[in-house]
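Below is one structure, written out as structure tokens; comments come after it.
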Amino acid sequence: MHYESELREPLILGDKSLHQITEDVCRPIEGKANKYWWMAFTLASLALLWWIISVSYTLGTGLGVWGLNKTVGWAWDITNFVWWVGIGHAGTLISAILLLFRQKWRLSINRSAEAMTIFAVICAASFIVSHMGRPWVAYWPLPLPNQYGSLWVNFNSPLVWDVFAISTYFSVSLVFWYTGLIPDFAAVRDRAKTKASKFWYTVLSFGWTGTAKNWQRFEEVSLVLAGLSTPLVLSVHSVVSMDFATSLVPGWHTTIFPPYFVAGAIFSGFAMVQTLLIITRKVLNLEDYITIYHIDMMNRIILITGSIVGVAYITEFFIAWYSGVEYEQYAFINRATGPYWWAYWSMMTCNVITPQLFWSGRLRTSLFATFFISVFVNIGMWFERFVIIVTSLHRDYIPSSWTMYSPTWVEVGIFIGSLGLFFVPFLLFTRFFPVIAMSELKTIVKSSSSQAKKKGAHKHEH
Amino acid sequence: MSTKMAYGIFEDEDFVLSAIPKLKEKNFKVTDVISPYPIHGLDHALGLKRTRISICAFLYGATGTSLALLMMWYMNIWDWPMDIGGKPSFNLYKNLPAFIPVMFESTVLCAAHGMAITFFLRSKLLPGVEPHVIDDRMADDRFVMSIEVKDDAEKAAAHAAMKEAGAIYVKN
């Protein structure tokens with residue numbers, strides 16, 4: 001039996017019994033959606049519609065409908081790709097890395113954070129496909145035999161590594177998430193009242209009953225998947241950063257990119273988790289599970305990773321000067337004082353200054369402050385990728401080809417629309433899937449719930 | 001099923017865990033405990049062997065590493081070596097650093113999927129499998145102990161023993 005000091009904050013409030021946890025988690029699935037859910041769903045569907053229109057127009061007409069030009073060949077497309085992949089990283093960090101570190105506060109948030117990962121990676125992948133312009137040849141980066149020789153893909157290229165990294169990341173995250181969902185689907189199945197829901201949750205739960213042997217294997221599988229996902233998630237954004245770092249473009253050709261990108265990814269991912277969960281816990285009445293303590297812990301991670309990102313920005317600038325390479329120096333001075341200065345300073349304000357507010361315990365535990373800061377961080381992290389990509393490209397080695405870039409309505413539509421591509425499945429997830437990993441959460445009721453703490457305190461009095 | 005089972009329903013993990021040795025002492029064959037969440041120490045109490053699924057994962061992973069290396073060697077070194085940007089790929093040893101990311105991804109891909117598939121097949125978990133639900137709350141807050149019995153007399157004895165050990169009710 002595991003005992004925990006009652007001085008530690010309880011992770012489950014409201015004196016919940018095992019049965020109440022099941023009730024609370026199943027309520028959104030079994031009940032009807034409220035009007036806020038329908039409003040959000042309508043808005044998200046409209047955004048998704050805009051995405052479909054913009055992507056169809058791009059694919060039907062060609063990439064000429066975007067604002068790209070000869071000098072700036074990558075802009076919003078890759079900015080959005082990197083932004084979405086980065087957001088996904090928090091889910092894997094919570095479910096895998098915090099599992100290895102035995103951080104129990106992950107248990108109420110891992111399910112929804114992993115869902116976020118999966119939908120965010122889908123959004124990211126959609127940008128890769130749409131920026132190809134000709135998605136019907138999207139299989140070209142795969143090592144398939146072909147009629148040109150075979151002329152194989154070049155495995156020295158980070159773009160090919162990225163194909164392997166993103167597809168492995170997506171499919172492994174999906175398996176990890178689904179394996180964890182199976183016991184919870186079984187709990188929903190056994191409570192199901194209607195024939196249709198009984199049928200569907202029976203299919204989804206794969207016939208799970210929860211025998212001792214199955215649980216033993218389940219725990220081993222979770223542990224090994226966590227052990228595999230941990231280096232995987234670190235590798236994914238490292239490889240994404242190498243798409244830039246292995247090129248010779250000033251501003252991109254930087255050895256600190258892999259750790260700096262990974263820290264930035266976790267930073268923005270946690271911000272997105274905060275934005276989503278502050279709303280979700282309220283709408284689904286999960287305040288006893290996703291407590292202020294959880295919010296506080298995530299804010300600490302935002303503070304740490306935000307500081308790493310800040311140091312990385314300053315290091316980049318210092319190294320540009322210290323290297324003595326004029327082109328590198330120009331790229332950085334141009335970022336801060338050139339025509340895109342506003343993007344650079346938005347990035348600096350949102351990513352370096354705002355997270356430092358979290359040194360204050362009062363702001364860390366304030367829902368209002370957390371929500372706004374998390375939105376600022378997401379905006380800042382979007383600008384970070386925009387700054388890295390566009391400002392490094394728009395003034396290249398020949399001043400005659402210097403140019404500016406601005407997006408057309410199509411690119412704006414694809415980006416805003418991708419939020420719909422994200423929120424439509426996320427909202428459906430909150431209606432049909434157990435949003436809290438209840439079978440895992442139940443393991444800590446005896447040690448870390450408010451009820452257990454009271455019992456422990458009571459014992460000491462005697 | 002040819003063997004008969006007696007089921008006892010418990011409402012706390014500690015009651016089940018303490019009941020198992022008591023029932024084993026009385027020579028009952030405790031075969032399984034179904035629980036809504038994994039219970040620490042249950043596998044020892046029931047005498048389950050350690051699962052070998054992580055050994056499988058290692059083997060799948062090693063297969064993934066080797067296949068990726070073999071593929072890249074064949075494509076970029078043997079079949080069609082390319083010289084891109086003055087960086088020829090004419091032997092495996094010199095190219096190995098560039099091959100590490102794909103070898104790593106392939107290791108994780110094969111280990112994770114291989115292990116998950118093995119887990120599903122070994123545990124007979126597939127879409128369409130009809131679950132044997134003994135109690136509607138066994139995935140909620142109840143713990144179901146099963147004892148294998150030979151005849152009705154032993155079943156009655158098993159039921160009585162489980163009740164004595166803390167079961168809130170018993171089932172056939």
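Numbering starts fresh at 1 for the residues of each chain in the structure tokens, the chains themselves are lettered A, B, ... in the order given, and ligands are numbered from 1 as they appear.
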Who sits within 12 Å of Leu67 in chain B, only C-alpha atoms, same chain under 3 positions skipped, as a ChimeraX atom specification: /B:60-64,70-74,102-107,109-110
Quick one: residues within 8 Å of range 268-284 of chain A, only C-alpha atoms counted, chain neighbours fewer than 5 positions away excluded, as a list in words?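 Those residues are Pro28, Tyr36, Gly86, Ile87, Gly88, His89, Ala90, Gly91, Ala113, Met116, Ile290, Ile295, Met298, Asn299, Ile301, Ile302, Leu367, Thr370, Phe371, Ile373, Ser374, Val375, Val377, Asn378 and Met381 of chain A.
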What's the 9 Å shell around range 186-199 of chain A, counting only C-alpha atoms, without same-chain residues fewer than 6 positions away, as a ChimeraX atom specification? /A:22,26,29-30,205-210,433-434,439 /B:36,131,133,135-140
List the spatial neighbours of Ala138 in chain A as a PyMOL selection string - criterion: any atom at most 8 Å away, only C-alpha atoms, same-chain residues fewer than 4 positions off excluded. chain A and resi 129+132+134
Selection export as a compact mmCIF listing (two decimals), in the first residue's frame, atoms kept: N, CA and C atoms:
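File written: out-v2.txt
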```
# COMPACT_ATOMS: atom_id res chain seq x y z
N VAL A 129 0.83 18.34 -47.01
CA VAL A 129 0.19 17.89 -48.25
C VAL A 129 -0.22 19.08 -49.10
N MET A 132 2.52 20.97 -51.03
CA MET A 132 3.12 20.29 -52.18
C MET A 132 2.50 20.79 -53.49
N ARG A 134 0.77 19.54 -55.49
CA ARG A 134 0.28 18.39 -56.27
C ARG A 134 0.21 17.17 -55.34
```
Counting only C-alpha atoms, collect the residues of chain B whose closest atom lies at most 7 Å from chain A, and write them out as a PDB file with N, CA and C atoms, in the first residue's frame.
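And here is the file that came out, iface-v2.pdb:
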```pdb
ATOM      1  N   ASP B  32      -8.496 -15.817 -11.009  1.00  0.00           N
ATOM      2  CA  ASP B  32      -8.385 -14.477 -11.582  1.00  0.00           C
ATOM      3  C   ASP B  32      -9.090 -13.447 -10.708  1.00  0.00           C
ATOM      4  N   VAL B  33      -8.689 -12.203 -10.877  1.00  0.00           N
ATOM      5  CA  VAL B  33      -9.430 -11.096 -10.280  1.00  0.00           C
ATOM      6  C   VAL B  33      -9.621 -10.044 -11.369  1.00  0.00           C
ATOM      7  N   ILE B  34     -10.871  -9.707 -11.627  1.00  0.00           N
ATOM      8  CA  ILE B  34     -11.166  -8.661 -12.609  1.00  0.00           C
ATOM      9  C   ILE B  34     -11.329  -7.355 -11.856  1.00  0.00           C
ATOM     10  N   SER B  35     -10.635  -6.318 -12.326  1.00  0.00           N
ATOM     11  CA  SER B  35     -10.671  -5.069 -11.576  1.00  0.00           C
ATOM     12  C   SER B  35     -10.835  -3.893 -12.527  1.00  0.00           C
ATOM     13  N   PRO B  36     -11.376  -2.770 -12.031  1.00  0.00           N
ATOM     14  CA  PRO B  36     -11.531  -1.592 -12.899  1.00  0.00           C
ATOM     15  C   PRO B  36     -10.215  -0.878 -13.168  1.00  0.00           C
ATOM     16  N   TYR B  37      -9.191  -1.167 -12.385  1.00  0.00           N
ATOM     17  CA  TYR B  37      -7.886  -0.541 -12.600  1.00  0.00           C
ATOM     18  C   TYR B  37      -6.807  -1.518 -12.152  1.00  0.00           C
ATOM     19  N   PRO B  38      -5.566  -1.349 -12.610  1.00  0.00           N
ATOM     20  CA  PRO B  38      -4.512  -2.282 -12.219  1.00  0.00           C
ATOM     21  C   PRO B  38      -4.236  -2.198 -10.718  1.00  0.00           C
ATOM     22  N   ASP B  43      -0.590  -9.502  -9.203  1.00  0.00           N
ATOM     23  CA  ASP B  43       0.040 -10.590  -9.968  1.00  0.00           C
ATOM     24  C   ASP B  43       0.846 -11.519  -9.054  1.00  0.00           C
ATOM     25  N   THR B  51       5.156 -10.848 -17.427  1.00  0.00           N
ATOM     26  CA  THR B  51       4.855 -10.873 -18.862  1.00  0.00           C
ATOM     27  C   THR B  51       6.137 -10.702 -19.672  1.00  0.00           C
ATOM     28  N   SER B  54       7.680  -7.213 -23.127  1.00  0.00           N
ATOM     29  CA  SER B  54       8.738  -6.228 -23.409  1.00  0.00           C
ATOM     30  C   SER B  54       9.909  -6.872 -24.147  1.00  0.00           C
ATOM     31  N   MET B  72      18.383   1.331 -46.416  1.00  0.00           N
ATOM     32  CA  MET B  72      19.143   2.527 -46.811  1.00  0.00           C
ATOM     33  C   MET B  72      20.465   2.141 -47.468  1.00  0.00           C
ATOM     34  N   MET B  75      19.512   1.083 -51.062  1.00  0.00           N
ATOM     35  CA  MET B  75      19.040   2.147 -51.954  1.00  0.00           C
ATOM     36  C   MET B  75      20.109   3.196 -52.230  1.00  0.00           C
ATOM     37  N   ASN B  76      20.788   3.651 -51.167  1.00  0.00           N
ATOM     38  CA  ASN B  76      21.681   4.791 -51.343  1.00  0.00           C
ATOM     39  C   ASN B  76      23.147   4.420 -51.501  1.00  0.00           C
ATOM     40  N   ALA B  98      24.178   9.984 -41.166  1.00  0.00           N
ATOM     41  CA  ALA B  98      22.967  10.493 -41.823  1.00  0.00           C
ATOM     42  C   ALA B  98      21.842   9.464 -41.778  1.00  0.00           C
ATOM     43  N   PHE B  99      22.181   8.200 -41.548  1.00  0.00           N
ATOM     44  CA  PHE B  99      21.148   7.159 -41.530  1.00  0.00           C
ATOM     45  C   PHE B  99      20.525   6.969 -40.140  1.00  0.00           C
ATOM     46  N   PRO B 101      18.774   8.960 -37.993  1.00  0.00           N
ATOM     47  CA  PRO B 101      17.378   9.323 -37.724  1.00  0.00           C
ATOM     48  C   PRO B 101      16.370   8.299 -38.246  1.00  0.00           C
ATOM     49  N   VAL B 102      16.547   7.850 -39.472  1.00  0.00           N
ATOM     50  CA  VAL B 102      15.568   6.917 -40.029  1.00  0.00           C
ATOM     51  C   VAL B 102      15.656   5.559 -39.322  1.00  0.00           C
ATOM     52  N   GLU B 105      13.720   6.038 -36.077  1.00  0.00           N
ATOM     53  CA  GLU B 105      12.261   6.087 -36.269  1.00  0.00           C
ATOM     54  C   GLU B 105      11.715   4.700 -36.578  1.00  0.00           C
ATOM     55  N   VAL B 108      11.474   2.566 -33.414  1.00  0.00           N
ATOM     56  CA  VAL B 108      10.322   2.909 -32.575  1.00  0.00           C
ATOM     57  C   VAL B 108       9.026   2.433 -33.244  1.00  0.00           C
ATOM     58  N   LEU B 109       8.931   2.643 -34.552  1.00  0.00           N
ATOM     59  CA  LEU B 109       7.722   2.252 -35.283  1.00  0.00           C
ATOM     60  C   LEU B 109       7.461   0.762 -35.112  1.00  0.00           C
ATOM     61  N   ALA B 112       6.840  -0.317 -31.256  1.00  0.00           N
ATOM     62  CA  ALA B 112       5.555   0.114 -30.701  1.00  0.00           C
ATOM     63  C   ALA B 112       4.397  -0.660 -31.324  1.00  0.00           C
ATOM     64  N   SER B 123      -3.962 -11.078 -25.667  1.00  0.00           N
ATOM     65  CA  SER B 123      -5.023 -10.849 -24.689  1.00  0.00           C
ATOM     66  C   SER B 123      -6.401 -11.018 -25.316  1.00  0.00           C
ATOM     67  N   LEU B 125      -7.892  -9.276 -27.617  1.00  0.00           N
ATOM     68  CA  LEU B 125      -8.587  -8.002 -27.697  1.00  0.00           C
ATOM     69  C   LEU B 125      -8.658  -7.578 -29.155  1.00  0.00           C
ATOM     70  N   LEU B 126      -9.866  -7.616 -29.707  1.00  0.00           N
ATOM     71  CA  LEU B 126     -10.046  -7.180 -31.091  1.00  0.00           C
ATOM     72  C   LEU B 126     -11.443  -6.607 -31.222  1.00  0.00           C
ATOM     73  N   PRO B 127     -11.644  -5.691 -32.178  1.00  0.00           N
ATOM     74  CA  PRO B 127     -13.010  -5.196 -32.353  1.00  0.00           C
ATOM     75  C   PRO B 127     -13.918  -6.373 -32.718  1.00  0.00           C
ATOM     76  N   GLY B 128     -15.073  -6.443 -32.061  1.00  0.00           N
ATOM     77  CA  GLY B 128     -16.002  -7.523 -32.357  1.00  0.00           C
ATOM     78  C   GLY B 128     -15.964  -8.644 -31.333  1.00  0.00           C
ATOM     79  N   VAL B 129     -14.948  -8.678 -30.460  1.00  0.00           N
ATOM     80  CA  VAL B 129     -14.902  -9.708 -29.414  1.00  0.00           C
ATOM     81  C   VAL B 129     -15.994  -9.393 -28.395  1.00  0.00           C
ATOM     82  N   GLU B 130     -16.826 -10.403 -28.084  1.00  0.00           N
ATOM     83  CA  GLU B 130     -17.878 -10.198 -27.093  1.00  0.00           C
ATOM     84  C   GLU B 130     -17.272 -10.347 -25.701  1.00  0.00           C
ATOM     85  N   PRO B 131     -17.359  -9.328 -24.860  1.00  0.00           N
ATOM     86  CA  PRO B 131     -16.772  -9.445 -23.530  1.00  0.00           C
ATOM     87  C   PRO B 131     -17.617 -10.331 -22.624  1.00  0.00           C
ATOM     88  N   HIS B 132     -16.952 -11.032 -21.685  1.00  0.00           N
ATOM     89  CA  HIS B 132     -17.678 -11.831 -20.703  1.00  0.00           C
ATOM     90  C   HIS B 132     -17.883 -10.951 -19.470  1.00  0.00           C
ATOM     91  N   VAL B 133     -19.012 -10.253 -19.455  1.00  0.00           N
ATOM     92  CA  VAL B 133     -19.272  -9.306 -18.366  1.00  0.00           C
ATOM     93  C   VAL B 133     -19.960 -10.040 -17.219  1.00  0.00           C
ATOM     94  N   ASP B 136     -22.015  -5.732 -13.935  1.00  0.00           N
ATOM     95  CA  ASP B 136     -22.080  -4.470 -14.680  1.00  0.00           C
ATOM     96  C   ASP B 136     -21.133  -3.412 -14.144  1.00  0.00           C
ATOM     97  N   ALA B 139     -16.070  -2.702 -14.337  1.00  0.00           N
ATOM     98  CA  ALA B 139     -15.127  -1.713 -14.878  1.00  0.00           C
ATOM     99  C   ALA B 139     -15.344  -0.367 -14.187  1.00  0.00           C
ATOM    100  N   ASP B 140     -16.185  -0.378 -13.158  1.00  0.00           N
ATOM    101  CA  ASP B 140     -16.537   0.865 -12.481  1.00  0.00           C
ATOM    102  C   ASP B 140     -15.900   0.889 -11.083  1.00  0.00           C
ATOM    103  N   ASP B 141     -16.485   0.134 -10.128  1.00  0.00           N
ATOM    104  CA  ASP B 141     -15.906   0.165  -8.774  1.00  0.00           C
ATOM    105  C   ASP B 141     -15.993  -1.176  -8.071  1.00  0.00           C
TER     106      ASP B 141
END
```
Write out as number ranges by chain the residues lying within 10 Å of Ala263 in chain A, counting only C-alpha atoms and excluding same-chain residues fewer than 3 positions away. A: 86, 89, 234, 237, 257-260, 266-269, 302, 304-309, 312
Selected residues written out, N, CA and C atoms, as an mmCIF file, in the first residue's frame:
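Contents of the output file part_2.cif:
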```cif
data_model
loop_
_atom_site.group_PDB
_atom_site.id
_atom_site.type_symbol
_atom_site.label_atom_id
_atom_site.label_comp_id
_atom_site.auth_asym_id
_atom_site.auth_seq_id
_atom_site.Cartn_x
_atom_site.Cartn_y
_atom_site.Cartn_z
ATOM 1 N N GLY A 86 4.502 21.408 -33.081
ATOM 2 C CA GLY A 86 4.973 21.810 -31.762
ATOM 3 C C GLY A 86 3.888 21.661 -30.716
ATOM 4 N N HIS A 89 3.431 18.315 -29.142
ATOM 5 C CA HIS A 89 4.447 17.745 -28.256
ATOM 6 C C HIS A 89 4.061 17.680 -26.787
ATOM 7 N N LEU A 234 11.234 13.774 -28.645
ATOM 8 C CA LEU A 234 12.390 14.667 -28.734
ATOM 9 C C LEU A 234 12.991 14.636 -30.127
ATOM 10 N N HIS A 237 10.788 16.924 -33.138
ATOM 11 C CA HIS A 237 11.016 18.345 -33.369
ATOM 12 C C HIS A 237 12.480 18.632 -33.683
ATOM 13 N N PHE A 257 19.467 24.712 -32.945
ATOM 14 C CA PHE A 257 18.068 24.536 -33.340
ATOM 15 C C PHE A 257 17.372 23.327 -32.698
ATOM 16 N N PRO A 258 17.965 22.112 -32.712
ATOM 17 C CA PRO A 258 17.186 20.982 -32.170
ATOM 18 C C PRO A 258 16.717 21.181 -30.724
ATOM 19 N N PRO A 259 17.592 21.459 -29.740
ATOM 20 C CA PRO A 259 17.061 21.634 -28.380
ATOM 21 C C PRO A 259 16.140 22.853 -28.258
ATOM 22 N N TYR A 260 16.454 23.893 -29.008
ATOM 23 C CA TYR A 260 15.659 25.128 -28.952
ATOM 24 C C TYR A 260 14.254 24.878 -29.517
ATOM 25 N N ILE A 266 7.397 22.228 -26.564
ATOM 26 C CA ILE A 266 6.768 21.878 -25.297
ATOM 27 C C ILE A 266 6.102 23.117 -24.697
ATOM 28 N N PHE A 267 6.777 24.244 -24.830
ATOM 29 C CA PHE A 267 6.267 25.538 -24.377
ATOM 30 C C PHE A 267 4.907 25.834 -25.016
ATOM 31 N N SER A 268 4.838 25.767 -26.338
ATOM 32 C CA SER A 268 3.583 26.110 -27.005
ATOM 33 C C SER A 268 2.538 25.035 -26.766
ATOM 34 N N GLY A 269 2.980 23.768 -26.678
ATOM 35 C CA GLY A 269 2.032 22.682 -26.445
ATOM 36 C C GLY A 269 1.328 22.831 -25.108
ATOM 37 N N ILE A 302 5.554 25.812 -18.365
ATOM 38 C CA ILE A 302 5.571 26.920 -19.330
ATOM 39 C C ILE A 302 6.664 27.914 -18.966
ATOM 40 N N ILE A 304 9.480 27.316 -17.269
ATOM 41 C CA ILE A 304 10.819 26.750 -17.528
ATOM 42 C C ILE A 304 11.124 26.746 -19.021
ATOM 43 N N THR A 305 10.194 26.166 -19.814
ATOM 44 C CA THR A 305 10.480 26.056 -21.242
ATOM 45 C C THR A 305 10.504 27.437 -21.890
ATOM 46 N N GLY A 306 9.661 28.358 -21.397
ATOM 47 C CA GLY A 306 9.676 29.725 -21.923
ATOM 48 C C GLY A 306 11.023 30.385 -21.673
ATOM 49 N N SER A 307 11.603 30.120 -20.506
ATOM 50 C CA SER A 307 12.912 30.698 -20.213
ATOM 51 C C SER A 307 13.995 30.085 -21.100
ATOM 52 N N ILE A 308 13.875 28.771 -21.365
ATOM 53 C CA ILE A 308 14.844 28.132 -22.268
ATOM 54 C C ILE A 308 14.764 28.784 -23.645
ATOM 55 N N VAL A 309 13.524 29.003 -24.099
ATOM 56 C CA VAL A 309 13.335 29.632 -25.412
ATOM 57 C C VAL A 309 13.943 31.038 -25.415
ATOM 58 N N ALA A 312 17.576 30.869 -25.689
ATOM 59 C CA ALA A 312 17.952 30.460 -27.052
ATOM 60 C C ALA A 312 17.925 31.656 -28.001
#
```
Alpha helix (DSSP H) call set, DSSP backbone run, chain B, as a ChimeraX atom specification: /B:13-25,42-46,53-72,92-122,152-164
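Nearest residue to Leu303 in chain A, choosing from A:Pro339, A:Gly361, A:Pro250, A:Pro135 and counting only C-alpha atoms: A:Gly361.
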Can you tell me how far CA of Ala158 in chain B sits from CA of Gly41 in chain B, in Å to one decimal?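 Spanning CA of Ala158 in chain B to CA of Gly41 in chain B is a straight-line distance of 22.7 Å.
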Extract the full set of strand (DSSP E) residues from range 50-165 of chain B according to DSSP on the backbone, and format it as a ChimeraX atom specification. /B:83-84,87-88,143-149
Pick the closest to Gly85 in chain B from A:Leu7, A:Asp296, A:Phe81, A:Ser247: which is it, counting only C-alpha atoms? A:Ser247
Gly338 in chain A surroundings by only C-alpha atoms, 12 Å radius, close-in-sequence under 2 positions cut, as a VMD selection string: chain A and resid 330 to 336 340 to 345 387 390 to 392 394 to 395 404
